[in-house]
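Beneath this line is the structure, given in structure tokens, with notes to follow.
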Amino acid sequence: VQLVESGGGLVQTGDSLTLSCAVSDDTSSVHYTGWFRQAPGKEREFVAGIDWSYGTTDFADAMKGRFTIFRDGAKNTVYLQMNILKPEDTAVYYCAAVTFWGADKRVMDHSWYHYWGQGTQVTVSS
């Protein structure tokens, strides 16, 4: 499974931005895709995720109401729509895929994911 993020860039506070995660190679094995972000000097943190079978979504508390995640099944692409961006949203954003569930569902645990993209930089200026 390969994941390629795109759509990052430099925006201003209050702007919106939509990131894309194109998934290829053995996409039928993907069960779940999550978005994470990592700011300089900080831990990688969960942002949002989506179940490929049921379309259910998960969000970190800080992103609820501002971020939306959705999937285009025909394109095997997962999108992260980010609204009302703040300087603290500045980070490298990564998408990641889960190809088997294992014993439990741990969407916020980056070790639960099996494949990762290279990341895309989002910078929000104040």
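Each chain in the structure tokens gets a letter, A, B, ..., in the order shown, and its residues are numbered from 1; ligands are numbered from 1 in order too.
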Return as JSON lines the residues of region 14-83 of chain A lying at most 8 Å from region 102-125 of chain A, together with the closest atom-to-atom pair for each and the distance in Å to one decimal, counting only C-alpha atoms, with rows in chain order and ascending residue number.
{"residue": "A:Gly34", "atom": "CA", "partner": "A:Val107", "partner_atom": "CA", "distance": 7.3}
{"residue": "A:Arg44", "atom": "CA", "partner": "A:His110", "partner_atom": "CA", "distance": 7.9}
{"residue": "A:Glu45", "atom": "CA", "partner": "A:Met108", "partner_atom": "CA", "distance": 7.4}
{"residue": "A:Phe46", "atom": "CA", "partner": "A:Met108", "partner_atom": "CA", "distance": 5.2}
{"residue": "A:Gly49", "atom": "CA", "partner": "A:Val107", "partner_atom": "CA", "distance": 7.1}
{"residue": "A:Asp58", "atom": "CA", "partner": "A:Val107", "partner_atom": "CA", "distance": 7.8}
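For the set A:Asp15, A:Glu43, A:Asp25, A:Asp72, the residue with the smallest atom-to-atom gap to Val1 (chain A) is A:Asp25, counting only C-alpha atoms.
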Exercise. Using the chain letters and numbers from this document, which residues of chain A does DSSP assign to strand (DSSP E), as a ChimeraX atom specification?
Worked result: /A:2-6,9-12,17-24,32-38,45-51,57-59,67-72,77-82,91-98,115-116,120-125
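As for CA of Tyr32 (chain A) and CA of Tyr94 (chain A), they are spaced 13.9 Å apart.
Across A:Ser6, A:Thr33, A:Thr77, A:Thr27, the tightest approach to Trp101 (chain A) is made by A:Thr33 when counting only C-alpha atoms.
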For this session: Pick out the residues sitting within 8 Å of Ser20 (chain A), and hand them over as a ChimeraX atom specification; count only C-alpha atoms, and ignore anything fewer than 4 positions along from it in its own chain.
Result: /A:4-7,77-80
Please produce an output containing N, CA, C and O atoms for each residue in the selection, written as an mmCIF file, in the first residue's frame.
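See again15.cif below for the written result:
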data_model
loop_
_atom_site.group_PDB
_atom_site.id
_atom_site.type_symbol
_atom_site.label_atom_id
_atom_site.label_comp_id
_atom_site.auth_asym_id
_atom_site.auth_seq_id
_atom_site.Cartn_x
_atom_site.Cartn_y
_atom_site.Cartn_z
ATOM 1 N N VAL A 4 0.162 8.895 -0.758
ATOM 2 C CA VAL A 4 0.811 10.134 -1.168
ATOM 3 C C VAL A 4 -0.081 11.306 -0.791
ATOM 4 O O VAL A 4 -1.209 11.422 -1.287
ATOM 5 N N GLU A 5 0.435 12.155 0.091
ATOM 6 C CA GLU A 5 -0.312 13.337 0.516
ATOM 7 C C GLU A 5 -0.019 14.506 -0.412
ATOM 8 O O GLU A 5 1.079 14.610 -0.984
ATOM 9 N N SER A 6 -0.980 15.387 -0.511
ATOM 10 C CA SER A 6 -0.790 16.617 -1.264
ATOM 11 C C SER A 6 -1.756 17.663 -0.746
ATOM 12 O O SER A 6 -2.672 17.338 0.025
ATOM 13 N N GLY A 7 -1.535 18.898 -1.165
ATOM 14 C CA GLY A 7 -2.459 19.963 -0.810
ATOM 15 C C GLY A 7 -1.981 20.901 0.276
ATOM 16 O O GLY A 7 -2.668 21.874 0.598
ATOM 17 N N THR A 77 -9.035 7.980 -2.623
ATOM 18 C CA THR A 77 -8.417 9.176 -2.042
ATOM 19 C C THR A 77 -9.193 9.599 -0.806
ATOM 20 O O THR A 77 -10.431 9.618 -0.823
ATOM 21 N N VAL A 78 -8.466 9.920 0.237
ATOM 22 C CA VAL A 78 -9.061 10.410 1.485
ATOM 23 C C VAL A 78 -8.693 11.881 1.619
ATOM 24 O O VAL A 78 -7.530 12.253 1.431
ATOM 25 N N TYR A 79 -9.679 12.693 1.966
ATOM 26 C CA TYR A 79 -9.477 14.131 2.056
ATOM 27 C C TYR A 79 -9.625 14.598 3.507
ATOM 28 O O TYR A 79 -10.462 14.079 4.250
ATOM 29 N N LEU A 80 -8.845 15.578 3.844
ATOM 30 C CA LEU A 80 -8.977 16.235 5.138
ATOM 31 C C LEU A 80 -9.249 17.707 4.870
ATOM 32 O O LEU A 80 -8.373 18.432 4.403
#
Exercise. Between A:Glu88, A:Phe59, A:Leu17, A:Ser24, which is the closest to Lys75 (chain A) once you count only C-alpha atoms?
Worked result: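 Answer, going by the shortest atom-to-atom distance: A:Ser24.
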Problem set entry | Residue list (helix (DSSP H, G or I), DSSP) for region 37-106 of chain A, as a list in words |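 Taking region 37-106 of chain A and keeping helix (DSSP H, G or I) gives Asp61, Ala62, Met63, Pro87, Glu88 and Asp89 of chain A.
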